[in-house]
>>> print(open('start.csv').read())   # CSV, C-alpha atoms and all ligand atoms
chain,number,residue,atom,x,y,z
W,1,MET,CA,110.5,79.8,65.9
W,2,LYS,CA,111.0,83.5,66.7
W,3,VAL,CA,114.2,83.3,68.7
W,4,PHE,CA,116.0,81.6,65.7
W,5,GLU,CA,114.3,83.7,63.0
W,6,ASP,CA,117.7,84.9,61.7
W,7,TRP,CA,119.0,81.4,61.3
W,8,LYS,CA,118.4,78.6,58.9
W,9,ILE,CA,117.1,75.6,60.9
W,10,THR,CA,118.4,72.4,59.3
W,11,SER,CA,117.2,70.1,62.0
W,12,PRO,CA,114.8,70.9,64.8
W,13,TYR,CA,114.7,69.5,68.4
W,14,GLY,CA,113.0,66.1,68.7
W,15,TYR,CA,112.8,62.8,66.9
W,16,ARG,CA,114.4,62.6,63.5
W,17,ALA,CA,116.2,60.2,61.2
W,18,ASP,CA,119.9,60.3,62.2
W,19,PRO,CA,121.8,62.2,59.4
W,20,ILE,CA,124.7,59.7,59.6
W,21,ASN,CA,123.1,56.2,60.0
W,22,GLY,CA,119.5,57.0,59.2
W,23,ASN,CA,118.1,55.4,62.4
W,24,GLN,CA,115.3,57.1,64.1
W,25,SER,CA,116.7,59.0,67.1
W,26,PHE,CA,116.1,61.9,69.4
W,27,HIS,CA,117.8,65.1,68.4
W,28,THR,CA,118.8,66.7,71.7
W,29,GLY,CA,119.4,70.2,70.3
W,30,ILE,CA,118.6,72.3,67.3
W,31,ASP,CA,120.8,72.6,64.2
W,32,LEU,CA,121.3,76.2,63.1
W,33,VAL,CA,123.2,77.5,60.1
W,34,LYS,CA,124.6,80.9,59.0
W,35,TYR,CA,127.8,80.2,57.2
W,36,HIS,CA,131.1,78.5,58.0
W,37,ARG,CA,133.1,80.5,60.7
W,38,TYR,CA,130.1,82.7,61.4
W,39,PRO,CA,130.8,84.4,64.8
W,40,ILE,CA,128.1,82.9,67.1
W,41,PRO,CA,126.6,85.3,69.7
W,42,ALA,CA,125.4,83.9,73.1
W,43,PHE,CA,121.6,83.5,73.0
W,44,ILE,CA,121.7,84.3,76.7
W,45,GLY,CA,124.4,85.4,79.1
W,46,GLY,CA,126.1,83.1,81.6
W,47,VAL,CA,129.3,81.7,83.0
W,48,VAL,CA,131.5,79.6,80.8
W,49,LEU,CA,131.6,76.0,82.3
W,50,PHE,CA,133.5,74.5,79.4
W,51,ALA,CA,135.3,75.7,76.3
W,52,GLY,CA,137.3,73.4,74.1
W,53,GLU,CA,137.2,70.0,72.5
W,54,GLY,CA,134.6,67.6,74.0
W,55,VAL,CA,136.0,64.3,75.0
W,56,ALA,CA,133.9,61.1,75.0
W,57,GLY,CA,132.3,60.3,78.4
W,58,ALA,CA,132.7,63.9,79.7
W,59,GLY,CA,129.3,65.1,78.3
W,60,PHE,CA,130.4,66.4,75.0
W,61,GLY,CA,131.7,63.3,73.2
W,62,GLY,CA,131.3,63.7,69.4
W,63,TYR,CA,130.4,67.4,69.7
W,64,GLY,CA,133.7,68.7,68.6
W,65,ASN,CA,134.7,72.1,69.9
W,66,VAL,CA,132.1,73.1,72.5
W,67,VAL,CA,131.3,76.2,74.6
W,68,ALA,CA,129.0,75.5,77.5
W,69,LEU,CA,127.5,78.5,79.3
W,70,MET,CA,125.5,78.2,82.5
W,71,ASP,CA,122.7,80.8,82.8
W,72,GLU,CA,121.2,82.4,86.0
W,73,LYS,CA,118.7,79.5,86.4
W,74,GLY,CA,121.5,76.9,86.2
W,75,TYR,CA,120.6,75.7,82.7
W,76,VAL,CA,123.6,74.8,80.5
W,77,HIS,CA,123.7,76.2,77.0
W,78,CYS,CA,125.9,74.1,74.7
W,79,TYR,CA,127.3,75.5,71.4
W,80,CYS,CA,128.7,72.5,69.6
W,81,HIS,CA,130.7,71.6,66.5
W,82,LEU,CA,132.5,75.0,66.6
W,83,ASP,CA,135.3,75.6,64.2
W,84,SER,CA,137.0,77.3,67.2
W,85,VAL,CA,136.0,78.7,70.5
W,86,ALA,CA,136.3,82.4,71.4
W,87,VAL,CA,136.1,82.2,75.2
W,88,ALA,CA,137.7,80.5,78.1
W,89,LYS,CA,136.3,78.6,81.1
W,90,GLY,CA,135.3,80.8,84.0
W,91,GLN,CA,134.5,83.9,81.9
W,92,THR,CA,131.1,85.6,82.3
W,93,LEU,CA,129.4,86.5,79.1
W,94,SER,CA,126.5,88.7,78.3
W,95,LYS,CA,123.8,87.9,75.8
W,96,GLY,CA,125.2,88.7,72.3
W,97,GLU,CA,128.9,88.2,73.1
W,98,ILE,CA,130.7,85.9,70.7
W,99,VAL,CA,131.2,82.3,72.0
W,100,GLY,CA,132.9,80.8,69.0
W,101,TYR,CA,132.7,80.2,65.2
W,102,GLN,CA,130.4,78.0,63.3
W,103,GLY,CA,132.1,74.8,62.2
W,104,THR,CA,131.9,71.1,61.7
W,105,THR,CA,134.2,69.6,64.3
W,106,GLY,CA,133.2,66.3,65.9
W,107,ARG,CA,130.5,64.0,64.6
W,108,SER,CA,129.1,66.3,62.0
W,109,THR,CA,128.1,66.2,58.3
W,110,GLY,CA,128.7,69.9,57.5
W,111,SER,CA,129.2,73.3,59.0
W,112,HIS,CA,126.4,74.1,61.5
W,113,LEU,CA,125.8,75.0,65.1
W,114,HIS,CA,124.2,72.3,67.3
W,115,TYR,CA,122.7,74.3,70.1
W,116,GLU,CA,121.6,72.3,73.1
W,117,VAL,CA,120.1,73.4,76.4
W,118,ARG,CA,120.4,71.2,79.5
W,119,SER,CA,118.5,71.5,82.7
W,120,LYS,CA,121.4,70.3,84.9
W,121,ASP,CA,125.1,71.0,85.0
W,122,SER,CA,126.2,67.7,86.5
W,123,PRO,CA,127.3,65.0,86.0
W,124,SER,CA,128.9,65.4,82.6
W,125,TYR,CA,127.5,68.9,82.2
W,126,GLY,CA,124.0,67.6,82.5
W,127,TYR,CA,124.3,65.2,79.5
W,128,GLY,CA,120.9,63.7,78.8
W,129,SER,CA,118.8,66.4,80.6
W,130,HIS,CA,118.1,68.4,77.4
W,131,VAL,CA,115.1,70.7,76.9
W,132,ASP,CA,113.6,72.3,73.8
W,133,PRO,CA,116.0,75.2,73.2
W,134,GLY,CA,113.5,77.4,71.3
W,135,LYS,CA,110.8,77.0,73.9
W,136,TYR,CA,113.2,77.5,76.8
W,137,LEU,CA,114.6,80.8,75.3
W,138,GLU,CA,111.1,82.0,74.3
W,139,ALA,CA,109.8,81.5,77.9
W,140,LEU,CA,112.9,83.2,79.3
W,141,PHE,CA,112.6,86.3,77.0
W,142,GLU,CA,108.8,86.5,77.7
W,143,ASN,CA,109.6,86.7,81.4
W,144,GLU,CA,112.2,89.4,80.7
W,145,GLU,CA,109.5,91.4,78.8
W,146,ASP,CA,107.0,90.9,81.7
W,147,ASP,CA,109.7,92.1,84.2
W,148,GLU,CA,110.2,95.2,82.0
W,149,MET,CA,106.5,95.9,81.9
W,150,MET,CA,106.3,95.4,85.6
W,151,LYS,CA,109.1,97.8,86.2
W,152,GLU,CA,107.4,100.4,84.0
W,153,LYS,CA,104.1,100.0,85.9
W,154,VAL,CA,105.9,100.3,89.3
W,155,ALA,CA,107.7,103.5,88.0
W,156,GLU,CA,104.3,104.9,86.8
W,157,LEU,CA,102.7,104.1,90.2
W,158,GLU,CA,105.6,105.7,92.1
W,159,SER,CA,105.3,108.9,90.1
W,160,GLN,CA,101.5,108.9,90.8
W,161,VAL,CA,102.1,108.4,94.5
W,162,ALA,CA,104.6,111.3,94.4
W,163,ALA,CA,102.1,113.6,92.7
W,164,LEU,CA,99.4,112.6,95.3
W,165,LYS,CA,101.8,113.3,98.1
W,166,GLY,CA,102.4,116.8,96.6
W,167,GLU,CA,98.7,117.4,96.4
W,168,CYS,CA,98.2,116.3,100.0
W,169,GLN,CA,100.9,118.6,101.2
W,170,THR,CA,99.3,121.6,99.3
W,171,LEU,CA,95.9,120.7,100.9
W,172,LEU,CA,97.6,120.5,104.3
W,173,ASN,CA,99.3,123.8,103.9
W,174,THR,CA,95.9,125.4,102.9
W,175,ALA,CA,94.2,123.8,105.8
W,176,GLU,CA,96.8,125.1,108.2
W,177,ALA,CA,96.5,128.6,106.8
W,178,HIS,CA,92.7,128.4,107.4
W,179,VAL,CA,93.2,127.3,111.0
W,180,GLU,CA,95.5,130.3,111.6
W,181,GLN,CA,92.8,132.6,110.1
W,182,ILE,CA,90.1,131.0,112.3
W,183,ASN,CA,92.2,131.3,115.4
W,184,ALA,CA,92.9,135.0,114.6
W,185,LEU,CA,89.1,135.5,114.2
W,186,LYS,CA,88.4,133.6,117.4
W,187,ALA,CA,90.8,135.9,119.2
W,188,LEU,CA,89.0,138.9,117.8
W,189,LEU,CA,85.7,137.6,119.0
W,190,THR,CA,86.8,136.3,122.5
W,191,ASP,CA,85.7,138.4,125.4
W,192,GLN,CA,88.4,140.2,127.3
W,193,ASN,CA,88.7,142.7,130.1
W,194,VAL,CA,89.4,146.3,129.5
W,195,PRO,CA,92.4,146.4,127.2
W,196,GLU,CA,95.4,148.5,128.3
W,197,TRP,CA,95.1,150.9,125.4
W,198,PHE,CA,91.5,151.7,126.3
W,199,THR,CA,92.3,152.4,130.0
W,200,LYS,CA,95.2,154.6,128.9
W,201,GLU,CA,92.9,156.8,126.8
W,202,PHE,CA,89.6,156.8,128.7
W,203,GLY,CA,90.5,155.7,132.2
W,204,GLU,CA,89.6,152.7,134.4
W,205,ASP,CA,86.0,153.8,135.1
W,206,ALA,CA,85.0,155.0,131.6
W,207,LEU,CA,82.3,152.4,131.2
W,208,ASN,CA,80.9,152.5,134.7
W,209,GLY,CA,77.2,153.0,134.6
W,210,ILE,CA,77.1,152.3,130.9
W,211,VAL,CA,77.7,148.5,130.7
W,212,ASP,CA,77.0,146.1,133.5
W,213,SER,CA,80.2,144.1,133.1
W,214,PRO,CA,83.0,145.8,131.3
W,215,GLN,CA,84.0,142.8,129.2
W,216,GLY,CA,83.8,142.2,125.5
W,217,PRO,CA,85.6,141.1,122.4
W,218,ASN,CA,88.1,143.3,120.7
W,219,LEU,CA,85.5,144.6,118.3
W,220,PHE,CA,83.4,145.8,121.3
W,221,TRP,CA,86.3,147.8,122.7
W,222,ARG,CA,87.1,149.3,119.3
W,223,LEU,CA,83.5,150.4,118.9
W,224,ALA,CA,83.4,151.7,122.5
W,225,ALA,CA,86.5,153.8,121.8
W,226,VAL,CA,84.9,155.3,118.6
W,227,ALA,CA,81.8,156.2,120.6
W,228,PHE,CA,83.9,157.8,123.4
W,229,ARG,CA,85.9,159.8,120.9
W,230,LEU,CA,82.7,161.1,119.1
W,231,ARG,CA,81.3,162.1,122.5
W,232,LYS,CA,84.5,163.9,123.4
W,233,ASN,CA,84.5,165.7,120.1
W,234,ASN,CA,80.8,166.8,120.5
W,235,ASN,CA,81.5,168.0,124.0
W,236,GLN,CA,84.4,170.1,122.8
W,237,SER,CA,82.4,171.8,119.9
A,301,ZN,ZN,122.4,68.7,66.1
>>> encode(input="start.csv", output="structure tokens")
Amino acid sequence: MKVFEDWKITSPYGYRADPINGNQSFHTGIDLVKYHRYPIPAFIGGVVLFAGEGVAGAGFGGYGNVVALMDEKGYVHCYCHLDSVAVAKGQTLSKGEIVGYQGTTGRSTGSHLHYEVRSKDSPSYGYGSHVDPGKYLEALFENEEDDEMMKEKVAELESQVAALKGECQTLLNTAEAHVEQINALKALLTDQNVPEWFTKEFGEDALNGIVDSPQGPNLFWRLAAVAFRLRKNNNQS
């Protein structure tokens, strides 16, 4: 089981021969071993519901010194047979923080950690509602990985959207510049009455008898002015 690969598993979750009386019974947790007094890290973060010696009838009878952590989903993680506990009720722990030290308190045949996950927190800290700890943790960690991947994907898409927005803005700016140029050209090509500068230089009636209606685009007035100036120069020479 990958989540416990650093541990020696001396007894898995499920049916087994009881180590004390030999009867077939259901093992409600998993027995893990490092060495006596090994500082045990929380497999998952949570709030400490219980820390101390389990008394019979309260959910931890025979479990010796116990730390019970409730995770975000409301599952209770029980670290049992501890030599001593390292936390107090009400504390919030992160994954990896030390909950206590491997021991053999309570109904135990040797120093080990009995790790049990319960799907309820009441009554008696969910006693009897155990799930397979390895499967539970693996599913939880897989979801965390999926969440991470999802976050990365979202970030990637957001940066793509930002880039597209930038490109759109550039295109809009270019389009606006084109519209301005087109309007300027339109203004050049739109018919207008005799411009003031033309009248000033050549008089109101300069085009009488030459064009039927003295109206034209800017270009027309400029060409007319050139023609008039050439005529004036020729007449002078
Ligand atoms: Zn056990």
>>> atom_distance(input="start.csv", atom1="CA of Asp147 in chain W", atom2="CA of Ala68 in chain W")
26.3 Å
>>> residues_near_ligand(input="start.csv", ligand="ligand ZN 301 (chain A)", cutoff="12 Å", atoms="only C-alpha atoms and all ligand atoms", output="number ranges by chain")
W: 9-20, 25-33, 62-64, 78-82, 104-117, 133
>>> closest_residue(input="start.csv", among="W:Arg37, W:Asp71, W:Tyr136, W:Ser237", to="Ser84 in chain W", atoms="only C-alpha atoms")
W:Arg37
>>> residues_around(input="start.csv", residues="Ser124 in chain W", least_positions_apart="2", cutoff="6 Å", atoms="all atoms listed in the file", output="MDAnalysis selection string")
chainID W and resid 58:59 122 126:127
>>> atom_distance(input="start.csv", atom1="CA of Gln91 in chain W", atom2="CA of Glu148 in chain W")
26.8 Å
>>> atom_distance(input="start.csv", atom1="CA of Phe43 in chain W", atom2="CA of Gly96 in chain W")
6.4 Å
>>> decode(input="start.csv", residues="range 62-106 of chain W", atoms="C-alpha atoms", output="mmCIF file, in the first residue's frame")
data_model
loop_
_atom_site.group_PDB
_atom_site.id
_atom_site.type_symbol
_atom_site.label_atom_id
_atom_site.label_comp_id
_atom_site.auth_asym_id
_atom_site.auth_seq_id
_atom_site.Cartn_x
_atom_site.Cartn_y
_atom_site.Cartn_z
ATOM 1 C CA GLY W 62 -8.044 -1.213 25.218
ATOM 2 C CA TYR W 63 -6.408 1.195 22.777
ATOM 3 C CA GLY W 64 -4.064 2.668 25.401
ATOM 4 C CA ASN W 65 -2.991 6.233 24.724
ATOM 5 C CA VAL W 66 -4.903 7.554 21.758
ATOM 6 C CA VAL W 67 -4.942 10.635 19.559
ATOM 7 C CA ALA W 68 -8.102 11.072 17.472
ATOM 8 C CA LEU W 69 -8.082 13.654 14.694
ATOM 9 C CA MET W 70 -11.147 14.674 12.709
ATOM 10 C CA ASP W 71 -10.382 15.570 9.096
ATOM 11 C CA GLU W 72 -12.281 18.037 6.850
ATOM 12 C CA LYS W 73 -14.712 15.341 5.752
ATOM 13 C CA GLY W 74 -15.615 14.449 9.336
ATOM 14 C CA TYR W 75 -13.697 11.156 9.375
ATOM 15 C CA VAL W 76 -11.903 10.368 12.617
ATOM 16 C CA HIS W 77 -8.288 9.190 12.445
ATOM 17 C CA CYS W 78 -7.234 7.231 15.515
ATOM 18 C CA TYR W 79 -3.583 6.756 16.453
ATOM 19 C CA CYS W 80 -3.575 4.063 19.129
ATOM 20 C CA HIS W 81 -1.301 2.289 21.653
ATOM 21 C CA LEU W 82 0.902 5.415 21.752
ATOM 22 C CA ASP W 83 3.699 5.484 24.307
ATOM 23 C CA SER W 84 2.684 9.098 24.856
ATOM 24 C CA VAL W 85 0.629 11.729 23.086
ATOM 25 C CA ALA W 86 2.171 14.951 21.719
ATOM 26 C CA VAL W 87 -0.972 17.035 21.246
ATOM 27 C CA ALA W 88 -3.989 18.244 23.205
ATOM 28 C CA LYS W 89 -7.732 18.187 22.513
ATOM 29 C CA GLY W 90 -8.872 21.130 20.379
ATOM 30 C CA GLN W 91 -5.585 21.629 18.527
ATOM 31 C CA THR W 92 -5.610 21.863 14.732
ATOM 32 C CA LEU W 93 -2.864 19.817 13.104
ATOM 33 C CA SER W 94 -1.491 19.819 9.584
ATOM 34 C CA LYS W 95 -0.482 16.696 7.719
ATOM 35 C CA GLY W 96 2.957 15.634 8.972
ATOM 36 C CA GLU W 97 2.749 17.191 12.434
ATOM 37 C CA ILE W 98 3.675 14.794 15.252
ATOM 38 C CA VAL W 99 0.662 13.350 17.069
ATOM 39 C CA GLY W 100 2.504 11.094 19.531
ATOM 40 C CA TYR W 101 5.083 8.333 19.914
ATOM 41 C CA GLN W 102 4.856 4.686 18.913
ATOM 42 C CA GLY W 103 4.173 2.502 21.929
ATOM 43 C CA THR W 104 2.443 -0.539 23.313
ATOM 44 C CA THR W 105 -0.065 0.879 25.794
ATOM 45 C CA GLY W 106 -3.466 -0.803 26.190
#
